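See below for start-v9.txt, which holds compact mmCIF, C-alpha atoms and all ligand atoms.
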# COMPACT_ATOMS: atom_id res chain seq x y z
CA MET A 21 0.00 0.00 0.00
CA SER A 22 1.43 3.38 -0.99
CA GLU A 23 1.93 5.98 1.74
CA THR A 24 0.92 8.85 -0.58
CA GLU A 25 -0.50 11.93 1.23
CA VAL A 26 -3.92 12.82 -0.15
CA PRO A 27 -4.87 16.46 0.60
CA LYS A 28 -8.64 16.60 0.45
CA GLY A 29 -9.99 19.09 -2.07
CA LEU A 30 -6.45 19.46 -3.49
CA SER A 31 -5.89 21.91 -0.64
CA GLY A 32 -2.44 23.47 -1.00
CA VAL A 33 -1.57 21.34 -4.03
CA ILE A 34 0.05 23.22 -6.92
CA VAL A 35 -1.45 21.66 -10.03
CA ASP A 36 0.00 23.91 -12.75
CA GLU A 37 1.65 27.24 -13.45
CA THR A 38 -0.24 30.42 -14.26
CA ALA A 39 0.81 33.94 -15.24
CA ILE A 40 -2.65 35.43 -14.81
CA CYS A 41 -3.24 35.91 -11.11
CA THR A 42 -1.79 35.18 -7.69
CA THR A 43 -1.90 36.23 -4.07
CA ASP A 44 1.50 37.63 -3.10
CA SER A 45 3.38 36.99 0.13
CA THR A 46 1.75 40.01 1.81
CA GLY A 47 -1.77 38.85 0.91
CA ASN A 48 -2.40 41.13 -2.06
CA LEU A 49 -4.37 39.70 -4.95
CA LEU A 50 -2.54 40.46 -8.20
CA TYR A 51 -4.02 40.46 -11.71
CA ARG A 52 -1.20 40.24 -14.25
CA GLY A 53 1.05 41.88 -11.65
CA TYR A 54 -1.30 44.76 -10.71
CA LYS A 55 -3.02 44.88 -7.33
CA ALA A 56 -6.67 43.92 -7.91
CA VAL A 57 -7.83 46.51 -5.38
CA ASP A 58 -5.99 49.30 -7.26
CA LEU A 59 -7.67 48.20 -10.47
CA ALA A 60 -11.02 48.07 -8.66
CA GLU A 61 -10.49 51.60 -7.37
CA ARG A 62 -9.55 53.18 -10.65
CA ALA A 63 -9.91 50.97 -13.74
CA ASP A 64 -12.84 50.31 -16.03
CA ALA A 65 -14.08 46.71 -15.85
CA ALA A 66 -13.70 46.25 -19.61
CA ASP A 67 -10.07 47.42 -19.41
CA VAL A 68 -9.39 44.89 -16.64
CA ALA A 69 -11.04 42.17 -18.73
CA TYR A 70 -8.76 43.17 -21.59
CA LEU A 71 -5.74 43.12 -19.26
CA LEU A 72 -6.53 39.62 -18.00
CA ILE A 73 -6.93 38.27 -21.52
CA ASN A 74 -4.04 40.13 -23.19
CA ASP A 75 -1.55 40.67 -20.34
CA ARG A 76 -1.53 44.45 -20.90
CA LEU A 77 -3.92 47.34 -20.48
CA PRO A 78 -5.56 48.51 -23.72
CA GLY A 79 -4.66 51.66 -25.62
CA LYS A 80 -7.47 53.90 -26.86
CA ASP A 81 -7.98 52.04 -30.17
CA GLU A 82 -7.93 48.69 -28.38
CA GLN A 83 -10.43 49.97 -25.84
CA ASP A 84 -12.77 51.05 -28.62
CA ASP A 85 -12.33 47.80 -30.49
CA PHE A 86 -12.97 45.70 -27.36
CA HIS A 87 -16.09 47.73 -26.54
CA ARG A 88 -17.33 47.41 -30.13
CA LYS A 89 -16.86 43.66 -30.01
CA LEU A 90 -18.78 43.35 -26.74
CA MET A 91 -21.60 45.55 -28.05
CA LYS A 92 -21.76 43.63 -31.34
CA PHE A 93 -23.19 40.73 -29.36
CA ALA A 94 -25.77 42.76 -27.45
CA GLY A 95 -28.74 41.41 -29.42
CA ILE A 96 -30.30 38.00 -28.92
CA ASP A 97 -31.48 35.37 -31.40
CA SER A 98 -35.29 35.44 -31.49
CA ARG A 99 -35.51 31.64 -31.12
CA VAL A 100 -33.54 31.89 -27.87
CA SER A 101 -35.83 34.68 -26.67
CA GLU A 102 -38.71 32.30 -27.29
CA VAL A 103 -36.95 29.61 -25.21
CA ILE A 104 -36.56 32.11 -22.37
CA ARG A 105 -40.25 32.98 -22.56
CA ILE A 106 -41.19 29.29 -22.44
CA MET A 107 -38.73 28.43 -19.64
CA LYS A 108 -39.75 31.25 -17.27
CA GLU A 109 -36.76 30.03 -15.22
CA LYS A 110 -36.63 31.42 -11.69
CA ASP A 111 -33.17 30.02 -10.95
CA ILE A 112 -31.07 32.54 -12.86
CA MET A 113 -27.91 30.44 -12.79
CA ARG A 114 -29.77 27.44 -14.21
CA GLY A 115 -31.09 29.74 -16.94
CA LEU A 116 -27.62 31.15 -17.65
CA ARG A 117 -26.05 27.69 -17.80
CA SER A 118 -28.73 26.35 -20.16
CA LEU A 119 -28.75 29.37 -22.46
CA THR A 120 -24.95 29.45 -22.66
CA SER A 121 -25.09 25.84 -23.78
CA LEU A 122 -27.80 26.10 -26.41
CA TYR A 123 -27.15 29.54 -27.95
CA PRO A 124 -26.44 29.49 -31.71
CA TYR A 125 -23.23 31.58 -31.54
CA SER A 126 -22.17 33.36 -34.71
CA SER A 127 -18.36 33.53 -34.23
CA ASP A 128 -16.08 31.01 -35.94
CA ASP A 129 -12.93 32.43 -34.38
CA ARG A 130 -12.31 30.97 -30.91
CA GLN A 131 -11.35 34.29 -29.30
CA ASP A 132 -14.41 36.02 -30.72
CA LEU A 133 -16.58 33.11 -29.62
CA MET A 134 -15.42 33.49 -26.01
CA LEU A 135 -16.05 37.23 -26.10
CA GLU A 136 -19.44 36.55 -27.65
CA MET A 137 -20.29 34.27 -24.73
CA ALA A 138 -19.09 36.80 -22.17
CA ALA A 139 -21.01 39.64 -23.84
CA ARG A 140 -24.17 37.56 -23.90
CA PHE A 141 -24.11 36.68 -20.19
CA PRO A 142 -25.69 40.00 -19.02
CA ARG A 143 -28.39 39.64 -21.69
CA PHE A 144 -29.17 35.99 -20.77
CA ILE A 145 -29.28 36.94 -17.09
CA SER A 146 -31.44 40.02 -17.55
CA ASP A 147 -33.95 38.38 -19.90
CA THR A 148 -34.25 35.28 -17.69
CA PHE A 149 -34.71 37.39 -14.55
CA ARG A 150 -37.30 39.72 -16.06
CA THR A 151 -39.25 37.00 -17.85
CA ALA A 152 -39.55 34.99 -14.63
CA LYS A 153 -41.11 38.08 -13.03
CA GLY A 154 -43.52 38.55 -15.94
CA GLU A 155 -41.67 41.61 -17.27
CA GLU A 156 -40.58 42.34 -20.83
CA PRO A 157 -36.87 42.13 -21.76
CA LEU A 158 -35.12 45.51 -21.83
CA PRO A 159 -33.84 47.10 -25.01
CA ASP A 160 -30.03 47.24 -24.93
CA VAL A 161 -27.90 50.33 -24.38
CA ASP A 162 -24.51 51.24 -25.77
CA ALA A 163 -22.70 52.03 -22.51
CA PRO A 164 -19.47 51.18 -20.66
CA TYR A 165 -19.54 47.56 -19.55
CA ALA A 166 -20.52 47.92 -15.89
CA GLU A 167 -23.07 50.61 -16.77
CA ARG A 168 -24.70 48.26 -19.27
CA VAL A 169 -24.71 45.46 -16.71
CA TYR A 170 -26.20 47.75 -14.05
CA TYR A 171 -28.94 48.80 -16.45
CA LEU A 172 -29.71 45.26 -17.63
CA PHE A 173 -29.82 43.97 -14.05
CA THR A 174 -31.93 46.78 -12.54
CA GLY A 175 -33.71 48.45 -15.48
CA LYS A 176 -32.20 51.78 -14.35
CA ARG A 177 -29.54 54.08 -15.75
CA ASP A 178 -27.47 55.30 -12.81
CA SER A 179 -23.87 56.16 -13.55
CA GLU A 180 -22.89 56.54 -9.88
CA LYS A 181 -24.21 53.10 -8.92
CA ALA A 182 -22.70 51.66 -12.10
CA ARG A 183 -19.34 53.14 -11.04
CA LEU A 184 -19.65 51.30 -7.73
CA LEU A 185 -20.73 48.08 -9.44
CA ASN A 186 -17.69 48.40 -11.71
CA LYS A 187 -15.45 48.04 -8.63
CA LEU A 188 -17.12 44.81 -7.55
CA MET A 189 -17.06 43.37 -11.06
CA VAL A 190 -13.30 43.96 -11.17
CA LEU A 191 -12.83 42.14 -7.86
CA TYR A 192 -14.99 39.22 -9.00
CA MET A 193 -13.17 38.89 -12.32
CA GLU A 194 -10.32 36.55 -11.49
CA HIS A 195 -8.88 34.34 -8.78
CA GLU A 196 -6.35 31.85 -10.20
CA PHE A 197 -7.31 28.18 -9.72
CA ASN A 198 -10.69 28.66 -8.01
CA ALA A 199 -13.15 25.79 -8.47
CA SER A 200 -15.01 27.09 -11.54
CA THR A 201 -11.84 28.13 -13.36
CA TYR A 202 -10.21 24.80 -12.61
CA ALA A 203 -13.31 22.90 -13.78
CA MET A 204 -13.19 25.01 -16.95
CA ARG A 205 -9.50 24.17 -17.45
CA VAL A 206 -10.15 20.46 -16.96
CA THR A 207 -12.78 20.57 -19.70
CA ALA A 208 -10.57 22.74 -21.95
CA SER A 209 -7.71 20.28 -21.47
CA THR A 210 -9.74 17.57 -23.24
CA GLU A 211 -9.74 19.91 -26.28
CA ALA A 212 -13.45 20.41 -25.88
CA ASP A 213 -14.85 23.63 -27.34
CA PRO A 214 -15.00 26.86 -25.26
CA VAL A 215 -18.77 26.64 -24.89
CA SER A 216 -18.48 23.26 -23.20
CA ALA A 217 -15.65 24.54 -21.02
CA PHE A 218 -17.65 27.58 -19.90
CA VAL A 219 -20.71 25.44 -19.19
CA SER A 220 -18.50 23.36 -16.85
CA ALA A 221 -17.45 26.59 -15.17
CA LEU A 222 -21.04 27.78 -14.82
CA ALA A 223 -22.13 24.46 -13.35
CA THR A 224 -19.33 24.79 -10.79
CA ILE A 225 -19.66 28.45 -9.84
CA LYS A 226 -23.32 27.84 -8.96
CA GLY A 227 -22.51 25.79 -5.85
CA PRO A 228 -23.01 27.43 -2.42
CA LEU A 229 -19.40 26.80 -1.37
CA HIS A 230 -18.26 28.86 -4.38
CA GLY A 231 -20.29 31.51 -6.26
CA GLY A 232 -23.62 30.48 -4.78
CA ALA A 233 -22.55 31.73 -1.34
CA ASN A 234 -23.37 35.37 -2.09
CA ALA A 235 -27.01 34.51 -2.84
CA GLU A 236 -27.55 33.15 0.68
CA ILE A 237 -26.13 35.94 2.82
CA LEU A 238 -29.07 38.35 2.87
CA ASP A 239 -31.34 35.49 4.00
CA PHE A 240 -29.85 35.75 7.47
CA PHE A 241 -28.35 39.24 7.36
CA LEU A 242 -31.43 41.40 6.78
CA GLY A 243 -33.36 40.05 9.77
CA PHE A 244 -31.08 41.46 12.50
CA ARG A 245 -32.40 44.52 14.33
CA ASN A 246 -29.17 45.16 16.22
CA GLU A 247 -25.61 43.95 16.66
CA GLN A 248 -26.44 41.71 19.60
CA GLU A 249 -28.94 39.71 17.50
CA ALA A 250 -26.26 39.33 14.85
CA ARG A 251 -23.67 38.12 17.38
CA ASP A 252 -26.20 35.69 18.89
CA TYR A 253 -26.84 34.24 15.45
CA VAL A 254 -23.13 33.65 14.91
CA ASN A 255 -22.85 31.86 18.25
CA ARG A 256 -25.91 29.71 17.55
CA LYS A 257 -24.41 28.64 14.20
CA ILE A 258 -21.05 27.89 15.80
CA ALA A 259 -22.71 25.85 18.55
CA ALA A 260 -24.68 23.90 15.93
CA LYS A 261 -21.44 23.38 13.94
CA GLU A 262 -23.04 25.00 10.90
CA LYS A 263 -21.25 27.15 8.36
CA ILE A 264 -22.02 30.82 7.90
CA MET A 265 -22.01 31.80 4.24
CA GLY A 266 -19.54 34.53 3.37
CA PHE A 267 -16.87 33.32 5.78
CA GLY A 268 -13.78 31.24 5.21
CA HIS A 269 -11.59 30.84 2.16
CA ARG A 270 -9.18 28.28 0.81
CA VAL A 271 -6.52 30.96 0.18
CA TYR A 272 -7.22 33.71 2.73
CA LYS A 273 -6.99 32.40 6.25
CA GLU A 274 -6.64 35.79 7.99
CA ARG A 275 -7.78 38.52 5.62
CA ASP A 276 -9.41 38.62 2.21
CA PRO A 277 -8.13 41.88 0.62
CA ARG A 278 -11.15 42.07 -1.67
CA ALA A 279 -13.55 41.78 1.27
CA GLN A 280 -11.74 44.55 3.13
CA PHE A 281 -11.88 46.77 0.04
CA VAL A 282 -15.65 46.30 -0.30
CA LYS A 283 -16.08 46.79 3.45
CA GLU A 284 -14.39 50.18 3.08
CA GLN A 285 -16.76 51.10 0.23
CA LEU A 286 -19.70 50.12 2.43
CA ARG A 287 -18.44 52.30 5.24
CA LYS A 288 -18.58 55.26 2.85
CA MET A 289 -21.97 54.31 1.37
CA ASP A 290 -24.03 53.41 4.40
CA GLN A 291 -25.36 56.75 5.58
CA ASP A 292 -27.09 55.59 8.77
CA ALA A 293 -24.44 52.87 9.26
CA HIS A 294 -27.00 50.32 10.48
CA MET A 295 -26.09 47.59 8.00
CA PHE A 296 -22.42 48.39 8.29
CA ARG A 297 -22.52 47.99 12.10
CA ILE A 298 -24.35 44.65 11.78
CA ALA A 299 -21.80 43.43 9.23
CA VAL A 300 -18.86 44.41 11.41
CA ALA A 301 -20.46 42.74 14.45
CA ILE A 302 -20.77 39.45 12.54
CA GLU A 303 -17.24 39.76 11.21
CA GLU A 304 -15.82 40.46 14.69
CA GLU A 305 -17.75 37.65 16.33
CA MET A 306 -16.62 35.11 13.71
CA TRP A 307 -13.03 36.22 14.10
CA GLU A 308 -13.13 36.19 17.93
CA LYS A 309 -14.82 32.80 18.19
CA LYS A 310 -13.54 30.89 15.15
CA LYS A 311 -10.64 32.91 13.70
CA ILE A 312 -12.37 32.73 10.32
CA PRO A 313 -12.30 35.91 8.19
CA ALA A 314 -15.09 37.34 6.07
CA ASN A 315 -14.62 36.61 2.38
CA LEU A 316 -15.53 38.84 -0.57
CA ASP A 317 -19.04 37.37 -0.84
CA PHE A 318 -20.05 38.50 2.64
CA PHE A 319 -19.52 42.20 2.00
CA ALA A 320 -20.36 41.91 -1.71
CA ALA A 321 -23.89 40.69 -0.93
CA ILE A 322 -24.55 43.71 1.30
CA TYR A 323 -22.93 45.99 -1.28
CA MET A 324 -25.11 44.65 -4.10
CA HIS A 325 -28.18 45.04 -1.90
CA MET A 326 -27.28 48.68 -1.33
CA LEU A 327 -26.80 49.17 -5.06
CA GLY A 328 -30.36 47.93 -5.58
CA LEU A 329 -29.60 44.56 -7.16
CA ASP A 330 -32.03 41.73 -6.53
CA GLN A 331 -30.55 38.85 -4.52
CA ASP A 332 -31.43 36.38 -7.32
CA LEU A 333 -28.80 38.12 -9.46
CA TYR A 334 -25.80 37.97 -7.12
CA THR A 335 -24.22 34.71 -8.28
CA ALA A 336 -24.99 35.69 -11.86
CA LEU A 337 -23.14 39.00 -11.40
CA PHE A 338 -20.18 37.00 -10.13
CA ALA A 339 -20.33 34.76 -13.24
CA ALA A 340 -20.72 37.75 -15.59
CA SER A 341 -17.46 39.09 -14.12
CA ARG A 342 -15.47 35.86 -13.68
CA VAL A 343 -16.15 34.92 -17.31
CA PHE A 344 -13.26 37.17 -18.38
CA GLY A 345 -10.91 35.26 -16.08
CA TRP A 346 -12.18 32.06 -17.69
CA ILE A 347 -11.24 33.40 -21.14
CA ALA A 348 -7.70 34.16 -19.95
CA HIS A 349 -7.41 30.69 -18.40
CA PHE A 350 -8.82 28.92 -21.45
CA ASN A 351 -6.11 30.57 -23.55
CA GLU A 352 -3.39 29.79 -21.03
CA GLN A 353 -4.49 26.15 -20.80
CA MET A 354 -4.48 25.77 -24.57
CA GLU A 355 -1.08 27.42 -25.00
CA HIS A 356 0.67 24.42 -23.45
CA ASN A 357 -2.15 21.96 -23.21
CA LYS A 358 -1.80 18.62 -21.50
CA LEU A 359 -4.85 16.58 -20.55
CA ILE A 360 -5.65 17.12 -16.88
CA ARG A 361 -6.10 13.65 -15.52
CA PRO A 362 -4.76 13.17 -11.99
CA SER A 363 -4.41 9.89 -10.16
CA SER A 364 -6.10 8.63 -7.02
CA LYS A 365 -5.06 6.54 -4.08
CA TYR A 366 -7.17 3.39 -4.12
CA VAL A 367 -8.79 2.55 -0.78
CA GLY A 368 -11.43 0.09 -2.04
CA LYS A 369 -11.69 -3.68 -1.85
CA THR A 370 -9.44 -6.07 -3.79
CA GLY A 371 -9.36 -9.77 -4.53
CA ARG A 372 -13.12 -10.38 -4.67
CA GLU A 373 -14.16 -13.54 -6.55
CA PHE A 374 -16.91 -13.32 -9.17
N1 LIG B 401 -18.59 29.04 8.89
C1 LIG B 401 -18.23 28.29 9.96
N2 LIG B 401 -17.17 27.49 9.98
C2 LIG B 401 -16.39 27.48 8.87
C3 LIG B 401 -16.68 28.24 7.74
C4 LIG B 401 -17.82 29.04 7.78
N3 LIG B 401 -18.17 29.79 6.72
N4 LIG B 401 -15.74 28.02 6.81
C5 LIG B 401 -14.90 27.14 7.33
N5 LIG B 401 -15.29 26.80 8.58
C6 LIG B 401 -14.63 25.86 9.47
C7 LIG B 401 -14.90 24.44 9.00
O1 LIG B 401 -16.07 23.94 9.57
C8 LIG B 401 -13.65 23.75 9.48
O2 LIG B 401 -13.79 23.53 10.86
P1 LIG B 401 -13.22 22.18 11.51
O3 LIG B 401 -11.75 22.20 11.23
O4 LIG B 401 -13.60 22.34 12.94
O5 LIG B 401 -13.93 21.07 10.80
C9 LIG B 401 -12.56 24.77 9.28
O6 LIG B 401 -13.22 26.04 9.34
C10 LIG B 401 -11.85 24.66 7.96
O7 LIG B 401 -12.84 24.74 6.94
P2 LIG B 401 -12.76 24.03 5.57
O8 LIG B 401 -14.14 23.96 4.98
O9 LIG B 401 -12.02 22.75 5.66
O10 LIG B 401 -11.87 25.05 4.78
P3 LIG B 401 -11.71 25.07 3.25
O11 LIG B 401 -10.50 25.81 2.92
O12 LIG B 401 -11.86 23.73 2.67
O13 LIG B 401 -13.06 25.85 2.84
C11 LIG B 401 -14.70 27.23 2.09
C12 LIG B 401 -13.19 27.01 2.25
C13 LIG B 401 -14.88 28.52 1.31
C14 LIG B 401 -15.32 26.08 1.28
C15 LIG B 401 -15.37 27.31 3.47
O14 LIG B 401 -14.76 28.30 4.24
C16 LIG B 401 -16.86 27.56 3.37
O15 LIG B 401 -17.62 26.61 3.14
N6 LIG B 401 -17.31 28.83 3.50
C17 LIG B 401 -18.72 29.15 3.38
C18 LIG B 401 -19.11 29.31 1.92
C19 LIG B 401 -18.55 30.55 1.30
O16 LIG B 401 -18.64 31.64 1.82
N7 LIG B 401 -18.01 30.38 0.08
C20 LIG B 401 -17.45 31.47 -0.68
C21 LIG B 401 -15.97 31.33 -0.75
S1 LIG B 401 -15.25 32.73 -1.52

Show me the file's structure as structure tokens.
Amino acid sequence: MSETEVPKGLSGVIVDETAICTTDSTGNLLYRGYKAVDLAERADAADVAYLLINDRLPGKDEQDDFHRKLMKFAGIDSRVSEVIRIMKEKDIMRGLRSLTSLYPYSSDDRQDLMLEMAARFPRFISDTFRTAKGEEPLPDVDAPYAERVYYLFTGKRDSEKARLLNKLMVLYMEHEFNASTYAMRVTASTEADPVSAFVSALATIKGPLHGGANAEILDFFLGFRNEQEARDYVNRKIAAKEKIMGFGHRVYKERDPRAQFVKEQLRKMDQDAHMFRIAVAIEEEMWEKKKIPANLDFFAAIYMHMLGLDQDLYTALFAASRVFGWIAHFNEQMEHNKLIRPSSKYVGKTGREF
């Protein structure tokens, strides 16, 4: 019997190299060498998407070209609109996954096809969400990426809120070998097409331990009238040995820099500070009792609530941002592709007679 160590969930196992993203020794998340929080503070989401895919920020012509490409795919095939009307799907991520799979894409070029998919995500999400509520799909707008997403997700044009959403989209865009990106790379490594690879990613990001976490936070958060109720809730969950969504991370064991960035935005946004105080009370209690830090999803859920986004859209917003990281990783995987097919340590029965 081999004595091989088997880290559950591949925890701490380096499975490949990447030049796209890392967390440095001081805990900063870097996108292509830039601090993600600096990009979130100052860069346009489309420029960061371009950076992740191309390893450099775009010049003016490249910006225009990238925007034009994204806008080219703003419309939707009428047969797919009919499918959305028939489905009336309430689970937005199920809708997004299904539509991504069945859409009759028009691009032959692989790079254009991936951009086409990314550009269609906000449309699939918006139309699915509105149709499920009995509302008509919105006409599109030619606007900077986050502004278009804000409009498609809320039905409102609000450049200030779109500016704030832009920051969150940047922070959601990339995180090296997270579960959905890795699932996408596994599928890509079989030389499957990008649509199949992105459907793998969408199926994976949906889970509550990954992207689905942000959709569950308001369920408990909004009910607290004061900090004591929030602290009591944390202690009840700890006593029951139950997880609290929005806490813990495979990479960040003390501090998630993205969460702290969004927390700071919330501090500035929350005029009466009620929600902010509740959030801090939960964060403090979790740290005091379990030494588990808040992750991005915890503060992001409250942030999206304050921006007026419906809770049903939170995981979808994550996917509509992370999709640009998936494009970068698809390309990186295919540059030096080798089938991802690890081995396992067998612990089952042997020698049975048939
Ligand atoms: N609430 C309460 N306890 C938690 C916790 C949480 N959110 N996250 C981790 N823990 C505890 C585990 O129960 C475990 O305790 P134990 O050692 O007593 O069994 C310990 O912390 C280690 O957790 P583990 O799940 O093994 O860590 P991980 O690195 O595998 O998990 C997550 C990372 C993200 C899957 C995990 O923290 C989690 O499930 N968080 C909630 C979901 C979430 O917010 N996901 C979004 C991630 S960005």

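With all atoms listed in the file as the atoms that count, the residue of A:Tyr334, A:Trp307, A:Tyr51, A:Phe218 with the shortest distance to A:Gly232 is A:Tyr334.
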
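Reported to one decimal place, the separation of atom CA of A:Cys41 from atom CA of A:Glu196 is 5.2 Å.
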
Using only C-alpha atoms and all ligand atoms, determine which residues fall within 8 Å of ligand LIG 401 (chain B), then list them as a VMD selection string. chain A and resid 29 31 228 to 234 257 to 258 261 to 271 306 310 312 314 to 318

Between stretch 107-139 of chain A and stretch 64-79 of chain A, at 12 Å or less, what are the per-residue closest atom pairs and their distances in Å? Count only C-alpha atoms, order by chain and rising residue number, and return it as a tab-separated table.
residue	atom	partner	partner_atom	distance
A:Gln131	CA	A:Ile73	CA	9.8
A:Met134	CA	A:Ile73	CA	10.7
A:Leu135	CA	A:Ala69	CA	10.2
A:Ala138	CA	A:Ala69	CA	10.3
A:Ala139	CA	A:Ala66	CA	10.7

What is the atom CA of A:Met289-atom CA of A:Gly227 distance in Å, reported with one decimal?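 So the answer is 29.4 Å.
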
For atom CA of A:Glu82 and atom CA of A:Thr42, quote the distance in Å rounded to one decimal.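 One can read the atom CA of A:Glu82 to atom CA of A:Thr42 distance as 25.5 Å.
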
Here is a test: counting all atoms listed in the file, which residue of A:Asp276, A:Ala301, A:Phe197, A:Glu211 is nearest to A:Tyr253?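 Ranked by minimum distance to A:Tyr253, first place goes to A:Ala301.
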
Among listed residues A:Lys80, A:His294, A:Lys89, A:Lys226, nearest A:Leu116 (using all atoms listed in the file): A:Lys226

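Considering all atoms listed in the file, the residue among A:Asn198, A:Ser146, A:Gln285, A:Thr151 positioned nearest to A:Leu184 is A:Gln285.
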
Can you tell me, as a PDB file with C-alpha atoms, keeping the file's coordinate frame, what residues are no more than 9 Å from A:Phe240 when counting all atoms listed in the file, ignoring any on the same chain fewer than 4 positions away?
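Saved result, out-v4.pdb, follows:
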ATOM      1  CA  GLU A 236     -27.550  33.150   0.680  1.00  0.00           C
ATOM      2  CA  PHE A 244     -31.080  41.460  12.500  1.00  0.00           C
ATOM      3  CA  ALA A 250     -26.260  39.330  14.850  1.00  0.00           C
ATOM      4  CA  TYR A 253     -26.840  34.240  15.450  1.00  0.00           C
TER       5      TYR A 253
END

Go through A:Phe86, A:Tyr54, A:Tyr165, A:Tyr123 one by one, measure the shortest atom-to-atom distance of each to A:Met137 using all atoms listed in the file, and give the residue with the smallest value.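 Using all atoms listed in the file, A:Met137 sits closest to A:Tyr123.
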
C-alpha atoms of stretch 120-172 of chain A from block above, as a short mmCIF file (atom, residue, chain, number, x, y, z; two decimals), in the first residue's frame:
data_model
loop_
_atom_site.label_atom_id
_atom_site.label_comp_id
_atom_site.auth_asym_id
_atom_site.auth_seq_id
_atom_site.Cartn_x
_atom_site.Cartn_y
_atom_site.Cartn_z
CA THR A 120 -24.95 29.45 -22.66
CA SER A 121 -25.09 25.84 -23.78
CA LEU A 122 -27.80 26.10 -26.41
CA TYR A 123 -27.15 29.54 -27.95
CA PRO A 124 -26.44 29.49 -31.71
CA TYR A 125 -23.23 31.58 -31.54
CA SER A 126 -22.17 33.36 -34.71
CA SER A 127 -18.36 33.53 -34.23
CA ASP A 128 -16.08 31.01 -35.94
CA ASP A 129 -12.93 32.43 -34.38
CA ARG A 130 -12.31 30.97 -30.91
CA GLN A 131 -11.35 34.29 -29.30
CA ASP A 132 -14.41 36.02 -30.72
CA LEU A 133 -16.58 33.11 -29.62
CA MET A 134 -15.42 33.49 -26.01
CA LEU A 135 -16.05 37.23 -26.10
CA GLU A 136 -19.44 36.55 -27.65
CA MET A 137 -20.29 34.27 -24.73
CA ALA A 138 -19.09 36.80 -22.17
CA ALA A 139 -21.01 39.64 -23.84
CA ARG A 140 -24.17 37.56 -23.90
CA PHE A 141 -24.11 36.68 -20.19
CA PRO A 142 -25.69 40.00 -19.02
CA ARG A 143 -28.39 39.64 -21.69
CA PHE A 144 -29.17 35.99 -20.77
CA ILE A 145 -29.28 36.94 -17.09
CA SER A 146 -31.44 40.02 -17.55
CA ASP A 147 -33.95 38.38 -19.90
CA THR A 148 -34.25 35.28 -17.69
CA PHE A 149 -34.71 37.39 -14.55
CA ARG A 150 -37.30 39.72 -16.06
CA THR A 151 -39.25 37.00 -17.85
CA ALA A 152 -39.55 34.99 -14.63
CA LYS A 153 -41.11 38.08 -13.03
CA GLY A 154 -43.52 38.55 -15.94
CA GLU A 155 -41.67 41.61 -17.27
CA GLU A 156 -40.58 42.34 -20.83
CA PRO A 157 -36.87 42.13 -21.76
CA LEU A 158 -35.12 45.51 -21.83
CA PRO A 159 -33.84 47.10 -25.01
CA ASP A 160 -30.03 47.24 -24.93
CA VAL A 161 -27.90 50.33 -24.38
CA ASP A 162 -24.51 51.24 -25.77
CA ALA A 163 -22.70 52.03 -22.51
CA PRO A 164 -19.47 51.18 -20.66
CA TYR A 165 -19.54 47.56 -19.55
CA ALA A 166 -20.52 47.92 -15.89
CA GLU A 167 -23.07 50.61 -16.77
CA ARG A 168 -24.70 48.26 -19.27
CA VAL A 169 -24.71 45.46 -16.71
CA TYR A 170 -26.20 47.75 -14.05
CA TYR A 171 -28.94 48.80 -16.45
CA LEU A 172 -29.71 45.26 -17.63
#
